[in-house]
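**Student:** Below you'll find query00.txt; it's compact mmCIF, C-alpha atoms and all ligand atoms.
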# COMPACT_ATOMS: atom_id res chain seq x y z
CA MET A 1 -1.52 -20.41 -3.25
CA SER A 2 -3.94 -22.89 -1.79
CA LYS A 3 -3.76 -26.23 -3.54
CA THR A 4 -6.87 -27.76 -2.06
CA MET A 5 -9.22 -28.02 -4.97
CA ARG A 6 -12.75 -29.27 -5.46
CA ARG A 7 -13.20 -32.26 -7.71
CA ASN A 8 -13.05 -31.41 -11.40
CA ALA A 9 -16.61 -30.55 -12.39
CA TYR A 10 -16.08 -31.59 -16.01
CA GLU A 11 -14.80 -34.99 -15.01
CA LEU A 12 -17.86 -35.51 -12.85
CA MET A 13 -20.26 -34.83 -15.76
CA SER A 14 -21.94 -37.55 -17.79
CA ASP A 15 -20.80 -37.79 -21.42
CA GLU A 16 -23.93 -35.91 -22.57
CA GLU A 17 -23.50 -33.15 -20.00
CA LEU A 18 -19.87 -32.75 -20.97
CA GLU A 19 -20.68 -32.51 -24.70
CA ARG A 20 -23.35 -29.90 -23.97
CA ALA A 21 -20.91 -27.89 -21.83
CA ILE A 22 -18.26 -28.02 -24.57
CA ALA A 23 -20.77 -26.93 -27.23
CA THR A 24 -21.82 -23.95 -25.08
CA LEU A 25 -18.21 -22.95 -24.45
CA GLU A 26 -17.35 -23.28 -28.14
CA ARG A 27 -20.22 -20.93 -28.99
CA GLN A 28 -18.90 -18.44 -26.43
CA VAL A 29 -15.43 -18.74 -27.96
CA ASP A 30 -16.87 -18.06 -31.44
CA ASP A 31 -18.63 -14.95 -30.14
CA ILE A 32 -15.41 -13.69 -28.55
CA ARG A 33 -13.45 -14.40 -31.73
CA ALA A 34 -15.92 -12.26 -33.67
CA GLU A 35 -15.11 -9.33 -31.39
CA ARG A 36 -11.55 -9.21 -32.79
CA LEU A 37 -10.05 -8.17 -29.47
CA SER A 38 -6.51 -6.90 -29.04
CA LEU A 39 -5.61 -7.04 -25.35
CA ASP A 40 -2.34 -7.65 -23.51
CA MET A 41 -1.83 -9.31 -20.11
CA ALA A 42 1.70 -10.46 -20.92
CA ARG A 43 4.33 -8.35 -19.20
CA GLY A 44 4.51 -6.80 -15.76
CA LYS A 45 4.57 -3.14 -16.64
CA PRO A 46 3.19 -0.20 -14.74
CA SER A 47 0.16 1.41 -16.37
CA PRO A 48 0.35 4.92 -17.84
CA ALA A 49 -1.47 6.20 -14.73
CA GLN A 50 1.37 4.81 -12.61
CA THR A 51 4.23 6.29 -14.59
CA ALA A 52 2.35 9.61 -14.61
CA LEU A 53 2.78 9.69 -10.80
CA SER A 54 6.49 10.35 -11.27
CA ARG A 55 6.32 13.03 -13.94
CA PRO A 56 6.98 15.82 -11.42
CA MET A 57 10.42 14.25 -10.93
CA LEU A 58 11.29 15.39 -14.43
CA ASP A 59 11.11 19.02 -13.32
CA LEU A 60 13.68 18.57 -10.57
CA VAL A 61 16.75 18.37 -12.77
CA ASN A 62 16.63 21.17 -15.30
CA SER A 63 18.89 23.94 -16.60
CA THR A 64 18.63 25.94 -13.40
CA ALA A 65 18.77 23.10 -10.86
CA SER A 66 21.79 22.72 -8.60
CA LEU A 67 23.99 19.92 -9.88
CA SER A 68 25.85 19.25 -6.69
CA ASP A 69 25.39 16.18 -4.54
CA GLY A 70 27.75 15.99 -1.59
CA ASP A 71 31.22 16.20 -3.03
CA ALA A 72 30.21 14.54 -6.31
CA ILE A 73 30.25 16.29 -9.65
CA VAL A 74 27.02 15.45 -11.39
CA ASP A 75 27.66 16.78 -14.89
CA ASN A 76 31.03 15.17 -15.44
CA TYR A 77 32.80 11.82 -15.14
CA GLY A 78 33.41 10.33 -11.73
CA THR A 79 31.58 8.75 -8.79
CA PRO A 80 31.15 5.37 -10.55
CA GLU A 81 29.73 3.91 -7.34
CA GLY A 82 26.78 6.31 -7.63
CA LEU A 83 25.88 9.71 -6.18
CA PRO A 84 25.87 9.87 -2.37
CA SER A 85 22.18 10.76 -2.19
CA ALA A 86 21.23 7.93 -4.57
CA ARG A 87 23.29 5.42 -2.61
CA ALA A 88 21.71 6.59 0.63
CA LEU A 89 18.24 6.14 -0.83
CA ALA A 90 19.04 2.69 -2.26
CA ALA A 91 20.59 1.67 1.07
CA GLU A 92 17.45 2.68 2.93
CA ILE A 93 15.25 0.72 0.52
CA LEU A 94 17.39 -2.41 0.92
CA GLY A 95 18.12 -1.89 4.63
CA VAL A 96 21.91 -1.87 4.26
CA LYS A 97 24.76 0.61 4.74
CA ALA A 98 25.33 3.09 1.90
CA GLU A 99 28.97 2.05 1.62
CA ASN A 100 27.82 -1.44 0.70
CA VAL A 101 25.77 -0.19 -2.25
CA VAL A 102 26.61 0.68 -5.83
CA VAL A 103 24.02 2.58 -7.86
CA SER A 104 24.46 2.29 -11.58
CA GLY A 105 22.28 2.54 -14.65
CA SER A 106 18.54 2.15 -14.81
CA SER A 107 18.12 -1.63 -14.92
CA SER A 108 18.84 -4.07 -12.12
CA LEU A 109 18.69 -6.84 -14.69
CA ASN A 110 21.72 -5.23 -16.37
CA LEU A 111 23.59 -5.37 -13.07
CA MET A 112 22.69 -9.02 -12.58
CA HIS A 113 23.82 -9.80 -16.11
CA ASP A 114 27.06 -7.85 -15.57
CA LEU A 115 27.88 -9.81 -12.44
CA VAL A 116 27.09 -13.24 -13.88
CA ALA A 117 29.01 -12.38 -17.07
CA HIS A 118 31.94 -11.12 -14.99
CA ALA A 119 31.92 -14.35 -12.97
CA PHE A 120 31.97 -16.18 -16.27
CA THR A 121 34.90 -14.28 -17.75
CA ASN A 122 36.89 -13.28 -14.65
CA GLY A 123 35.66 -15.42 -11.76
CA VAL A 124 34.29 -14.58 -8.32
CA ALA A 125 36.56 -13.66 -5.41
CA GLY A 126 39.77 -14.86 -7.01
CA ALA A 127 38.37 -18.22 -8.15
CA GLU A 128 38.81 -19.49 -11.72
CA PRO A 129 36.42 -17.92 -14.23
CA PHE A 130 33.38 -20.10 -14.79
CA TYR A 131 34.31 -20.63 -18.43
CA ARG A 132 37.46 -22.49 -17.34
CA GLN A 133 35.68 -24.60 -14.75
CA GLY A 134 33.67 -26.85 -17.07
CA ASP A 135 30.05 -27.46 -16.10
CA VAL A 136 28.44 -24.72 -14.07
CA ILE A 137 25.01 -25.14 -12.48
CA TRP A 138 22.53 -22.47 -11.44
CA LEU A 139 19.49 -23.06 -9.24
CA CYS A 140 16.22 -21.64 -10.50
CA PRO A 141 13.31 -21.60 -8.06
CA SER A 142 10.32 -22.18 -10.34
CA PRO A 143 7.86 -20.88 -11.27
CA GLY A 144 10.22 -17.92 -11.48
CA TYR A 145 11.32 -14.97 -13.58
CA ASP A 146 12.06 -15.83 -17.20
CA ARG A 147 14.64 -13.09 -17.68
CA HIS A 148 16.73 -14.40 -14.79
CA PHE A 149 16.77 -17.84 -16.34
CA LYS A 150 17.69 -16.38 -19.71
CA ILE A 151 20.82 -14.67 -18.33
CA THR A 152 22.35 -17.93 -17.15
CA GLU A 153 21.00 -19.96 -20.08
CA ASP A 154 22.56 -17.48 -22.51
CA LEU A 155 26.00 -18.07 -20.99
CA GLY A 156 25.66 -21.83 -21.35
CA ILE A 157 25.18 -22.31 -17.61
CA LYS A 158 22.93 -25.25 -16.73
CA ASN A 159 19.71 -24.07 -15.10
CA VAL A 160 18.23 -26.52 -12.61
CA VAL A 161 14.67 -26.25 -11.30
CA VAL A 162 14.08 -25.96 -7.57
CA PRO A 163 10.38 -26.16 -6.68
CA MET A 164 8.84 -23.06 -5.11
CA ARG A 165 6.87 -23.70 -1.92
CA GLU A 166 4.45 -21.39 -0.12
CA ASP A 167 7.28 -19.92 1.98
CA GLY A 168 10.08 -19.85 -0.61
CA PRO A 169 12.22 -22.35 -2.50
CA ASP A 170 12.52 -25.97 -1.34
CA MET A 171 15.39 -25.36 1.08
CA ASP A 172 16.23 -29.01 1.70
CA LEU A 173 16.98 -29.38 -1.99
CA VAL A 174 18.80 -26.02 -2.16
CA GLN A 175 20.97 -26.92 0.81
CA ARG A 176 21.80 -30.37 -0.52
CA LEU A 177 22.76 -29.08 -3.97
CA VAL A 178 24.69 -26.02 -2.75
CA GLU A 179 26.57 -27.80 0.02
CA ASP A 180 27.34 -31.01 -1.88
CA ASP A 181 28.10 -29.90 -5.41
CA PRO A 182 30.90 -27.42 -6.17
CA LYS A 183 29.52 -26.98 -9.68
CA VAL A 184 26.58 -25.06 -8.20
CA LYS A 185 27.62 -21.40 -8.41
CA GLY A 186 24.44 -19.43 -7.98
CA ILE A 187 20.73 -19.26 -7.31
CA TRP A 188 18.15 -16.77 -8.53
CA CYS A 189 15.91 -15.51 -5.74
CA VAL A 190 13.07 -12.99 -5.70
CA PRO A 191 12.55 -12.98 -1.94
CA LYS A 192 9.57 -10.65 -1.69
CA TYR A 193 6.37 -10.84 -3.75
CA ALA A 194 8.21 -13.23 -6.04
CA ASN A 195 7.68 -13.14 -9.76
CA PRO A 196 5.26 -14.79 -10.47
CA THR A 197 4.10 -16.60 -7.30
CA GLY A 198 3.82 -13.53 -5.05
CA VAL A 199 5.50 -15.53 -2.28
CA THR A 200 7.55 -13.71 0.36
CA TYR A 201 10.24 -15.94 1.83
CA SER A 202 9.65 -16.85 5.46
CA ASP A 203 12.19 -15.92 8.15
CA GLU A 204 13.20 -19.56 8.32
CA VAL A 205 13.91 -19.70 4.60
CA VAL A 206 15.98 -16.49 4.75
CA ARG A 207 17.92 -17.87 7.73
CA ARG A 208 18.56 -21.12 5.90
CA PHE A 209 19.93 -19.18 2.95
CA ALA A 210 22.22 -17.23 5.27
CA ALA A 211 23.38 -20.43 6.94
CA LEU A 212 24.35 -22.16 3.68
CA ARG A 213 27.93 -23.39 3.62
CA PRO A 214 28.49 -23.76 -0.14
CA ALA A 215 30.79 -26.38 -1.55
CA ALA A 216 32.03 -23.74 -4.02
CA CYS A 217 33.80 -20.64 -2.67
CA ASP A 218 32.51 -18.75 -5.73
CA PHE A 219 28.84 -19.56 -5.09
CA ARG A 220 26.65 -16.49 -4.57
CA ILE A 221 22.97 -15.92 -3.90
CA TYR A 222 21.47 -13.49 -6.44
CA TRP A 223 18.85 -11.87 -4.20
CA ASP A 224 16.68 -9.79 -6.50
CA ASN A 225 14.57 -7.70 -4.15
CA ALA A 226 12.72 -6.08 -7.06
CA TYR A 227 9.45 -5.76 -5.14
CA ALA A 228 10.73 -4.63 -1.74
CA VAL A 229 8.20 -1.79 -1.42
CA HIS A 230 5.48 -2.95 -3.78
CA CYS A 231 2.63 -3.85 -1.45
CA PHE A 232 -0.84 -3.10 -2.81
CA GLY A 233 -2.86 -4.87 -0.13
CA GLU A 234 -3.74 -3.82 3.38
CA LYS A 235 -0.82 -5.55 4.99
CA ASP A 236 2.73 -5.55 3.69
CA ASP A 237 4.59 -8.86 3.94
CA VAL A 238 7.71 -8.58 6.09
CA LEU A 239 10.93 -9.97 4.68
CA LEU A 240 13.77 -10.68 7.05
CA ASN A 241 16.83 -8.63 6.03
CA VAL A 242 19.20 -11.14 4.48
CA PHE A 243 22.29 -9.22 5.62
CA ASP A 244 21.03 -9.31 9.22
CA ALA A 245 20.52 -13.04 8.81
CA LEU A 246 24.05 -13.36 7.44
CA ALA A 247 25.43 -11.50 10.45
CA GLU A 248 23.47 -13.81 12.77
CA ALA A 249 24.90 -16.81 10.92
CA ASP A 250 28.39 -15.35 11.13
CA ALA A 251 28.66 -15.36 7.35
CA ASP A 252 29.50 -12.71 4.78
CA ASN A 253 30.13 -12.25 1.08
CA LEU A 254 27.46 -14.74 0.13
CA VAL A 255 24.72 -12.49 -1.24
CA TYR A 256 24.39 -9.93 -4.01
CA GLU A 257 21.18 -8.02 -3.39
CA PHE A 258 19.61 -6.11 -6.27
CA GLY A 259 16.88 -3.53 -6.60
CA SER A 260 15.70 -0.69 -8.75
CA THR A 261 13.10 2.04 -8.95
CA ALA A 262 11.84 0.67 -12.27
CA LYS A 263 8.40 0.13 -10.78
CA MET A 264 8.47 3.12 -8.47
CA THR A 265 9.20 5.81 -11.07
CA PHE A 266 9.91 4.83 -14.69
CA PRO A 267 10.85 1.34 -15.94
CA SER A 268 12.86 2.97 -18.72
CA SER A 269 14.59 5.51 -16.52
CA GLY A 270 14.80 4.44 -12.91
CA ILE A 271 17.93 3.88 -10.88
CA ALA A 272 19.33 0.39 -10.28
CA PHE A 273 21.46 -0.80 -7.41
CA VAL A 274 23.37 -3.72 -5.97
CA ALA A 275 24.44 -4.32 -2.37
CA ALA A 276 26.98 -6.85 -1.12
CA GLY A 277 29.30 -7.67 1.79
CA ASP A 278 32.42 -5.55 2.37
CA GLU A 279 34.80 -7.62 0.25
CA ASP A 280 32.28 -8.44 -2.43
CA ILE A 281 31.25 -4.82 -2.95
CA LYS A 282 34.91 -3.84 -3.42
CA ARG A 283 35.16 -6.50 -6.12
CA VAL A 284 31.90 -5.37 -7.71
CA ARG A 285 33.23 -1.82 -7.88
CA ALA A 286 36.48 -3.01 -9.41
CA ALA A 287 34.61 -5.09 -11.99
CA PHE A 288 32.29 -2.24 -12.90
CA ALA A 289 35.21 0.21 -13.12
CA VAL A 290 36.42 -1.62 -16.23
CA GLU A 291 33.21 -0.88 -18.09
CA ARG A 292 32.13 2.48 -16.67
CA VAL A 293 33.92 5.77 -16.07
CA SER A 294 30.72 7.06 -14.66
CA SER A 295 27.06 6.14 -14.64
CA GLU A 296 24.22 8.31 -15.83
CA LYS A 297 23.82 10.73 -12.92
CA PHE A 298 20.96 13.11 -13.70
CA SER A 299 18.50 10.36 -12.94
CA GLN A 300 20.45 9.51 -9.78
CA LEU A 301 20.16 13.15 -8.75
CA ALA A 302 16.45 13.37 -9.52
CA HIS A 303 15.38 10.24 -7.65
CA PRO A 304 16.39 11.21 -4.12
CA ARG A 305 15.19 14.75 -4.73
CA PHE A 306 11.79 13.33 -5.68
CA LEU A 307 11.45 10.32 -3.37
CA LYS A 308 13.61 11.77 -0.55
CA ASN A 309 13.89 8.74 1.74
CA LEU A 310 12.20 5.46 2.63
CA ALA A 311 9.18 7.27 4.08
CA GLY A 312 8.90 9.20 0.81
CA VAL A 313 9.18 5.97 -1.17
CA LYS A 314 6.42 4.39 0.89
CA ALA A 315 4.14 7.41 0.44
CA HIS A 316 4.77 7.28 -3.31
CA MET A 317 4.14 3.52 -3.44
CA ALA A 318 0.84 4.01 -1.61
CA LYS A 319 -0.26 6.01 -4.68
CA HIS A 320 0.75 3.11 -6.92
CA ALA A 321 -1.16 0.73 -4.65
CA LYS A 322 -4.36 2.71 -5.19
CA ILE A 323 -4.03 2.09 -8.93
CA VAL A 324 -2.71 -1.46 -8.81
CA GLY A 325 -4.84 -2.82 -5.94
CA PRO A 326 -8.18 -2.70 -7.80
CA ARG A 327 -6.65 -4.60 -10.74
CA PHE A 328 -5.53 -7.46 -8.51
CA ALA A 329 -8.91 -7.42 -6.75
CA LEU A 330 -10.55 -7.76 -10.16
CA VAL A 331 -8.37 -10.76 -11.02
CA GLU A 332 -9.33 -12.41 -7.74
CA GLN A 333 -13.01 -11.69 -8.26
CA LYS A 334 -13.15 -12.85 -11.89
CA LEU A 335 -11.22 -16.05 -11.24
CA THR A 336 -13.23 -16.83 -8.13
CA ASP A 337 -16.59 -16.17 -9.79
CA GLY A 338 -15.64 -17.97 -12.98
CA LEU A 339 -13.56 -20.90 -11.83
CA ALA A 340 -13.54 -21.49 -8.08
CA GLN A 341 -16.44 -23.98 -8.15
CA LEU A 342 -15.05 -26.03 -11.02
CA GLY A 343 -11.99 -27.61 -9.40
CA VAL A 344 -9.85 -27.07 -12.49
CA ALA A 345 -7.40 -24.44 -11.25
CA HIS A 346 -5.93 -22.58 -8.33
CA TRP A 347 -4.01 -19.33 -8.20
CA SER A 348 -1.97 -17.06 -5.96
CA HIS A 349 -3.45 -14.28 -3.82
CA PRO A 350 -0.49 -11.93 -3.50
CA HIS A 351 -0.30 -8.87 -1.26
CA GLY A 352 2.19 -7.15 -3.54
CA GLY A 353 4.33 -7.38 -6.63
CA TYR A 354 3.18 -7.54 -10.22
CA PHE A 355 1.78 -10.99 -10.90
CA VAL A 356 -0.79 -13.66 -10.20
CA SER A 357 0.47 -17.19 -10.70
CA PHE A 358 -2.22 -19.40 -12.16
CA GLU A 359 -2.08 -23.20 -11.99
CA GLY A 360 -4.41 -24.95 -14.37
CA GLN A 361 -4.65 -28.67 -14.99
CA GLU A 362 -1.66 -30.61 -16.14
CA GLY A 363 -1.29 -30.21 -19.90
CA SER A 364 -3.52 -27.13 -20.07
CA ALA A 365 -1.22 -24.09 -20.08
CA LYS A 366 0.05 -24.12 -23.67
CA ARG A 367 -3.41 -24.79 -25.03
CA THR A 368 -4.97 -22.04 -22.94
CA VAL A 369 -2.34 -19.46 -23.89
CA ALA A 370 -2.66 -20.42 -27.59
CA LEU A 371 -6.44 -20.15 -27.44
CA MET A 372 -6.15 -16.76 -25.72
CA ALA A 373 -3.84 -15.56 -28.50
CA GLU A 374 -6.34 -16.73 -31.09
CA LEU A 375 -8.98 -14.72 -29.25
CA GLY A 376 -6.84 -11.59 -29.25
CA VAL A 377 -5.50 -11.65 -25.67
CA LYS A 378 -1.75 -11.85 -25.25
CA LEU A 379 -0.39 -13.74 -22.22
CA THR A 380 3.18 -14.56 -21.20
CA SER A 381 4.12 -17.72 -23.12
CA ALA A 382 3.28 -20.93 -21.34
CA GLY A 383 6.44 -22.42 -19.88
CA ALA A 384 8.17 -19.03 -19.53
CA THR A 385 8.19 -19.32 -15.75
CA TYR A 386 10.49 -22.37 -15.95
CA PRO A 387 14.09 -22.65 -17.21
CA TYR A 388 14.34 -23.28 -20.96
CA GLY A 389 10.63 -22.45 -21.27
CA LYS A 390 9.73 -25.97 -20.15
CA ASP A 391 7.09 -26.26 -17.49
CA PRO A 392 7.15 -30.01 -16.76
CA ALA A 393 3.44 -30.09 -15.89
CA ASP A 394 2.46 -27.52 -18.56
CA SER A 395 0.13 -25.99 -15.97
CA ASN A 396 1.49 -22.58 -14.97
CA ILE A 397 0.35 -19.29 -16.49
CA ARG A 398 1.59 -15.89 -15.35
CA ILE A 399 -1.07 -13.20 -15.24
CA ALA A 400 0.19 -9.61 -15.34
CA PRO A 401 -2.75 -7.34 -14.54
CA THR A 402 -1.09 -3.95 -14.05
CA TYR A 403 -0.78 -2.51 -17.55
CA PRO A 404 -4.27 -2.84 -19.10
CA SER A 405 -7.03 -0.43 -18.11
CA LEU A 406 -9.60 -1.87 -15.71
CA ASP A 407 -12.08 -2.23 -18.57
CA ASP A 408 -9.58 -4.07 -20.78
CA LEU A 409 -8.53 -6.25 -17.87
CA ARG A 410 -12.15 -7.14 -17.12
CA LYS A 411 -12.65 -8.19 -20.72
CA ALA A 412 -9.35 -10.11 -20.85
CA LEU A 413 -10.25 -12.01 -17.67
CA ASP A 414 -13.69 -12.91 -19.00
CA VAL A 415 -12.00 -14.37 -22.06
CA PHE A 416 -9.46 -16.17 -19.85
CA VAL A 417 -12.19 -17.81 -17.79
CA VAL A 418 -13.92 -19.10 -20.95
CA ALA A 419 -10.60 -20.34 -22.38
CA VAL A 420 -9.69 -22.18 -19.15
CA LYS A 421 -13.12 -23.77 -18.99
CA LEU A 422 -13.05 -24.93 -22.61
CA VAL A 423 -9.56 -26.39 -22.34
CA SER A 424 -10.47 -28.13 -19.07
CA ALA A 425 -13.64 -29.57 -20.57
CA GLN A 426 -11.72 -30.76 -23.63
CA LEU A 427 -9.12 -32.41 -21.41
CA ALA A 428 -11.91 -34.19 -19.53
CA ARG A 429 -13.27 -35.47 -22.86
CA GLU A 430 -9.83 -36.59 -24.03
CA SER A 431 -9.22 -38.46 -20.80
CA ARG A 432 -12.34 -40.57 -21.58
CA ALA A 433 -11.36 -41.43 -25.12
N1 LIG B 501 13.54 -8.47 -11.28
C1 LIG B 501 12.31 -8.96 -11.27
C2 LIG B 501 11.95 -10.05 -10.31
C3 LIG B 501 11.35 -8.47 -12.16
O1 LIG B 501 10.11 -8.98 -12.13
C4 LIG B 501 11.71 -7.46 -13.06
C5 LIG B 501 10.75 -6.93 -14.04
O2 LIG B 501 9.69 -7.46 -14.26
C6 LIG B 501 13.02 -6.97 -13.03
C7 LIG B 501 13.92 -7.50 -12.12
C8 LIG B 501 13.50 -5.92 -13.95
O3 LIG B 501 14.02 -4.87 -13.22
P1 LIG B 501 14.83 -3.70 -13.92
O4 LIG B 501 13.86 -2.92 -14.74
O5 LIG B 501 15.41 -2.95 -12.79
O6 LIG B 501 15.89 -4.34 -14.79
Before we go any further, please render this structure as structure tokens.
**Tutor:**
Amino acid sequence: MSKTMRRNAYELMSDEELERAIATLERQVDDIRAERLSLDMARGKPSPAQTALSRPMLDLVNSTASLSDGDAIVDNYGTPEGLPSARALAAEILGVKAENVVVSGSSSLNLMHDLVAHAFTNGVAGAEPFYRQGDVIWLCPSPGYDRHFKITEDLGIKNVVVPMREDGPDMDLVQRLVEDDPKVKGIWCVPKYANPTGVTYSDEVVRRFAALRPAACDFRIYWDNAYAVHCFGEKDDVLLNVFDALAEADADNLVYEFGSTAKMTFPSSGIAFVAAGDEDIKRVRAAFAVERVSSEKFSQLAHPRFLKNLAGVKAHMAKHAKIVGPRFALVEQKLTDGLAQLGVAHWSHPHGGYFVSFEGQEGSAKRTVALMAELGVKLTSAGATYPYGKDPADSNIRIAPTYPSLDDLRKALDVFVVAVKLVSAQLARESRA
């Protein structure tokens, strides 16, 4: 996200020019209001056209299909670590060994919650449970993913903001906090096409993560590689494999890596997985064994039959890219045409993932999102990309362009541009009062 901006056009106007601009924008807002729109750019969901791509998978596990997978029994209890074919597929996607992977359930967020909750009640690697340790701190690169922050917030863990840079989190701050303070037990990371900034961590950032020497032996990096294969542009960003970086740094049992096929096949019915170092994965399996005799396995059987391997995943994701790419191109075009000359905002230009991160003026995000709601366009709440819903600058808005049709998205973006302009012009007027 380039932060070099022109000077604010509204601030440069004379009082009369500014009043005229505001009156024009207010008329446009009234016209939009009269349209009684009902549009949604709030959550990062695949569109119906995307989920339709995976419907053939539903035919692969039926009453006549073979239900064997290696030596696993698919239609009975057992294999809590996941079917061999599903683990092999997940391992290929994450670039790790299958024995270091557990496949379980359909939601990676569930797995993250399970592991944080287990750390809270039972501890990590033999250490005291968090609940007995007093204050526990979690690092939250922000803007970031609201549901991550909610997991730790919900357990009473203190979420602390770490600023996101163009190549990943501020690693000087991360290193200082992790290496100096034993109360710091975890960090949320989305290392590729981050939600919402679209940033892919640089090799240097990944290496610095791998080289961390935490003050707490029960500190872990929660490496949520949700968008590992979700490029929609011409060139896929390359993320250094964090386990390779760990090996280089002669470290181990520092990272839990998560992923799922939620945005490859079906968000409701994908397969979710976690990978970890040799000792950690044994402990993950033991922790999960308390709550699961077996995971749902028909979906685990269907996924590798449908996607086959990493090459199959990539071919499938290229079909998603054809649907998703034009939506992101439209966002870029509408924001550029509508706002680039005004010096009131900047935004991310991601090559993959599900979001565009929009930075308006300080103090503008809540007002813009509220105005959009009034005009019938739902956006993610302002502040959601920061812990506790508090964006200190009140400037960040997450745009999720995948779900609406192109026509709806076009309309929603036109409304957004008018809303941003009006709020910016009003802020310019208020700053003169
Ligand atoms: N992780 C990130 C970074 C996400 O953006 C999302 C969904 O938006 C998820 C995880 C949810 O994944 P799952 O459906 O596997 O729980």
**Student:** If the limit is 8 Å from any atom of ligand LIG 501 (chain B), counting only C-alpha atoms and all ligand atoms, which residues qualify? Return them as a ChimeraX atom specification.
**Tutor:** /A:43-45,106-111,145,147-148,190,194-196,224-227,259-263,267-268,270-272,354
**Student:** Give me, as a VMD selection string, all polymer residues having an atom no more than 10 Å from A:Ala49, counting only C-alpha atoms and skipping those fewer than 2 positions away in the same chain.
**Tutor:** chain A and resid 46 to 47 51 to 54 320 323 to 324 403 405
**Student:** Using all atoms listed in the file, find the one residue out of A:Ala34, A:Glu234, A:Leu25, A:Ala286 that sits nearest to A:Asn122.
**Tutor:** A:Ala286
**Student:** Stretch 411-422 of chain A: which residues within 7 Å, counting all atoms listed in the file, same-chain residues fewer than 6 positions away excluded, as a short mmCIF file (atom, residue, chain, number, x, y, z; two decimals) with C-alpha atoms, keeping the file's coordinate frame?
**Tutor:**
data_model
loop_
_atom_site.label_atom_id
_atom_site.label_comp_id
_atom_site.auth_asym_id
_atom_site.auth_seq_id
_atom_site.Cartn_x
_atom_site.Cartn_y
_atom_site.Cartn_z
CA ILE A 22 -18.26 -28.02 -24.57
CA LEU A 25 -18.21 -22.95 -24.45
CA LEU A 39 -5.61 -7.04 -25.35
CA LYS A 334 -13.15 -12.85 -11.89
CA LEU A 335 -11.22 -16.05 -11.24
CA GLY A 338 -15.64 -17.97 -12.98
CA LEU A 339 -13.56 -20.90 -11.83
CA THR A 368 -4.97 -22.04 -22.94
CA LEU A 371 -6.44 -20.15 -27.44
CA MET A 372 -6.15 -16.76 -25.72
CA VAL A 377 -5.50 -11.65 -25.67
#
**Student:** State, in Å with one decimal place, the distance from atom CA of A:Ser364 to atom CA of A:Ala433.
**Tutor:**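 Atom-to-atom, atom CA of A:Ser364 to atom CA of A:Ala433, that is 17.1 Å.
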**Student:** List the neighbours of A:Ala315 out to 12 Å using all atoms listed in the file; skip same-chain residues closer than 5 positions along the sequence, and give me the result as a compact mmCIF listing (two decimals) with C-alpha atoms, in the frame of the given file.
**Tutor:**
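The new file out24.txt reads:
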# COMPACT_ATOMS: atom_id res chain seq x y z
CA LEU A 53 2.78 9.69 -10.80
CA VAL A 229 8.20 -1.79 -1.42
CA HIS A 230 5.48 -2.95 -3.78
CA CYS A 231 2.63 -3.85 -1.45
CA MET A 264 8.47 3.12 -8.47
CA PHE A 306 11.79 13.33 -5.68
CA LEU A 307 11.45 10.32 -3.37
CA LYS A 308 13.61 11.77 -0.55
CA ASN A 309 13.89 8.74 1.74
CA LEU A 310 12.20 5.46 2.63
CA HIS A 320 0.75 3.11 -6.92
CA ALA A 321 -1.16 0.73 -4.65
CA LYS A 322 -4.36 2.71 -5.19
**Student:** Of the candidates A:Gln175, A:Ser142, A:Asn241, A:Ser66, which shows the shortest atom-to-atom distance to A:Val206, using all atoms listed in the file?
**Tutor:**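 For A:Val206, the nearest of the candidates is A:Asn241.
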**Student:** Using only C-alpha atoms for the distances, tell me which of A:Pro404, A:Gly277, A:Gly78, A:Gly156 is nearest to A:Asp135.
**Tutor:**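 Looking at the shortest contact to A:Asp135, the residue is A:Gly156.
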**Student:** Could you tell me which of A:Ser294, A:Gln361, A:Ser395, A:Ser348 comes closest to A:Glu11 if we count only C-alpha atoms?
**Tutor:** A:Gln361
**Student:** In Å to one decimal, how far is atom CA of A:Phe209 from atom CA of A:Cys189?
**Tutor:**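 It comes out at 10.3 Å.
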**Student:** Work out how far atom CA of A:Val96 is from atom CA of A:Ala247, in Å to one decimal.
**Tutor:**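 Value for the atom CA of A:Ala247-atom CA of A:Val96 distance: 12.0 Å.
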**Student:** Please return, as a PyMOL selection string, all polymer residues that have at least one atom within 7 Å of the point (30.3, -10.8, -2.2); use only C-alpha atoms and the file's own coordinate frame.
**Tutor:** chain A and resi 253-256+276-277+279-281
**Student:** Show which residues sit within 12 Å of A:His113, as a VMD selection string. Count all atoms listed in the file, and ignore same-chain residues fewer than 4 positions away.
**Tutor:** chain A and resid 107 to 109 117 to 120 147 to 155 188 222 224 258 274 288
**Student:** Show which residues sit within 12 Å of A:Ser63, as a ChimeraX atom specification. Count all atoms listed in the file, and ignore same-chain residues fewer than 5 positions away.
**Tutor:** /A:58,75,298
**Student:** Nearest to A:Arg207: which of A:Asp59, A:Glu332, A:Leu239, A:His316 is it, counting only C-alpha atoms?
**Tutor:**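 Closest residue, counting only C-alpha atoms: A:Leu239.
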